[in-house]
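Visitor: My structure is below; once you've seen it, I'll send some questions.
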Amino acid sequence: MFINSIKKHINNILNIEMTSTRLIFIASVLIGLIYNLKFYEKVIDIYPISWKYSFFLLSVMIVLIATSNIVLNLISFRKATKIILIINFLIASIICYVTSNYGIVIDDTMILNVLSTNIKEALDLFNLKFLFYFFFLGLIPSYVISKIKLKKISIGKEVTLKAISVVFSIVIALAMIATTSKTFASFFRQHKPLRSYVNPTFSYYSVYKYSKKNVFKKNHVFVEIGRDAKVLQKDNKRNLAILIIGETARGDHFSLNGYERKTNPLLEQEKNIVSFDDHSSCGTSTAISVPCMFSYLQRSEFSYAKANSQDNLLDILKHTGEISVLWRDNNSDSKGVAARIDYQDFKSPKLNKVCDIECRDVGMLGGLQEYIDEQKSKNIFIVLHQMGSHGPAYYKRYPKKFEKFLPTCQSDQLENCTVEEITNTYDNTIFYTDYFLSEIIKLLKQNSEKFKTAMIYNSDHGESLGENGVYLHGMPYHFAPEAQKNSALIVWMGESNKDDSNLENLRKRSKTTVSHDNLFHSVLGLMEVQTSIYNSQMDIFSSDFETNL
């Protein structure tokens, strides 16, 4: 009887006939009330529930519903209404999931991240909980909408009803804002990041912003820079340098930088190693940080489109004709940086011979000595792009024998783990990176008689581990937590590539503030490349760097 009663009620709902304007209003109310809980949570953090803010909080909710109603009325018409609403609910359900569970906001940078992330990485974010959100908040509302019958009315009447609905929403919204104008003024001016959590309206704005920058932009003419580059070696010994691009590695979780846990027991034994404890990233995502790291452009002027339209650091090294440049990747890809140099994909067993549940970073060292031996007369610059500490499935990022810190979070649903478990698992990824870097140093030591050797480890960005309910990375830079911008920078110098005074000066500079902006010029200096665009004051290895403090 009960089941039959439920079926009857569902059928009654599905047999309802209404105008498209009413359906849009109902959809707006549902989205405004249910799909924006993270937004309300953020608002309440600033404006706590109390008599003082009760009417303001109610006003925020009404304004949000009114805004949604305005937008949906403007973008939907006639038979397209149901299709647009269904798409809206499906998108809103996905955004609700990632925002509520990971604190991720969908800005234009995140759109770029989504488009540049491979399927394997993306699958770490989606699980049974995602299916729950998608089914109940996406598929069920979509099914109901598809079955509701829209009243057949003339175009003129539909336009009139839409106009009335839009005007009414505008009036209500303005009235609410005017009634609490003082609080709303503070809300709009001082708390702009809150708008990033409005679901799904802000994501549509982000798509527009991304498209304007990258899709509908004017075609950039490719700019050749640093074509005057040449190697001016101080002696007859060639340079061999390996740059490791770390993934999601926070500098404050390296014991080299004073972290209380011994996450770097092997690196701490190296006497020629220097770690910079105040290093900031160019972005909070791989898609931005990696191109920026290799770009001549500094973070303040960087754009993805502009950087892709000019020579980068690796191009300039290659243009000298005296440096062999190789990129090996165990991450998603090079984000366009290695488009014009030798590139090898180590994400599968085809090249990477160290694979279990996934291919390991240490596998990128396979055959590397043979590559070095093949370069008979040139200097060598090698880039290794790590999988590193990529979340949320931190437990997958290291072999079991590196599970030093316990208990761990054996799930990609971080909200179901304690902060201690998440931190332990993340620290195990740093512990494995310590081993990986120590193996690279061993390789470089084997070649120290023939080459001046050096290693630079530079992470692309940091990571939120649940602080203030925020996980992972990729938040807009201007309000991202420091945890997402704090990235590791470590330098190791071979015996033939340093003297004690230079190493001591480098250690002194490690206490200063540096960033990804320094990498471009530091690599040019390390590889002894002379070019008009080189700035010695930005080079951490140069004595001129002192003037930049």
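Chains: A, B, ... in order of the structure tokens. Residues: from 1 per chain. Ligands: from 1, in order shown.
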With DSSP run on the backbone, what are the helix (DSSP H, G or I) residues within stretch 182-357 of chain A? I'd like them as a ChimeraX atom specification.

Guide: /A:182-190,192-197,201-214,251-253,255-257,267-269,286-293,299-301,304-307,313-319

Visitor: Counting only C-alpha atoms, what is within 10 Å of A:Ile145, bar same-chain residues fewer than 2 positions away, as a PyMOL selection string?

Guide: chain A and resi 14+23+27+81-83+85-86+89+139-143+147-150

Visitor: Which of these, A:Leu313, A:Leu437, A:Val470, A:Val63, has the shortest distance to A:Gln484 once you count only C-alpha atoms?

Guide: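 Closest to A:Gln484, using only C-alpha atoms: A:Val470.
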
Visitor: Please identify all polymer residues within 12 Å of A:Asn535, counting only C-alpha atoms, omitting same-chain residues fewer than 4 positions from it, and present them as a list in words.

Guide: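 Listed by chain and then number, they are Tyr296, Asp517, Asn518, Leu519, Phe520, His521, Ser522, Val523, Leu524, Gly525, Val529, Gln530, Thr531, Asp539, Ile540, Phe541, Ser542, Ser543, Asp544, Phe545, Thr547 and Asn548 of chain A.
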
Visitor: Can you pull out every residue from stretch 306-502 of chain A that DSSP, working from the backbone, puts in strand (DSSP E or B), and format the result as number ranges by chain?

Guide: A: 310, 323-329, 342-345, 355, 359, 379-385, 451-459, 464-465, 471-472, 486, 489-493

Visitor: Nearest to A:Glu467 among A:Thr418, A:Thr179, A:Thr513, A:Asn331, with distances taken over only C-alpha atoms: which residue is it?

Guide: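 Closest to A:Glu467, using only C-alpha atoms: A:Thr418.
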
Visitor: Could you tell me how far atom CA of A:Pro349 lies from atom CA of A:Asp361, in Å and to one decimal?

Guide: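 Spanning atom CA of A:Pro349 to atom CA of A:Asp361 is a straight-line distance of 12.0 Å.
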
Visitor: Return the single residue from A:Glu158, A:Asp345, A:Glu439, A:Asp45 that is closest to A:Ile242, with distances computed using only C-alpha atoms.

Guide: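 Of A:Glu158, A:Asp345, A:Glu439, A:Asp45, the one nearest A:Ile242 is A:Glu439, counting only C-alpha atoms.
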
Visitor: Identify, on the basis of only C-alpha atoms, every residue whose closest approach to A:Glu463 does not exceed 7 Å; exclude the query and any residue fewer than 6 positions from it along the same chain; express the result as a ChimeraX atom specification.

Guide: /A:248-250,472-473,483-484

Visitor: Could you check the closest approach to A:Phe222 for each of A:Ile104, A:Ala454, A:Ala305, A:Ile533 and tell me which residue wins, using only C-alpha atoms?

Guide: A:Ala305

Visitor: Figure out the distance between atom CA of A:Ile16 and atom CA of A:Leu161, please, to one decimal in Å.

Guide: 18.9 Å
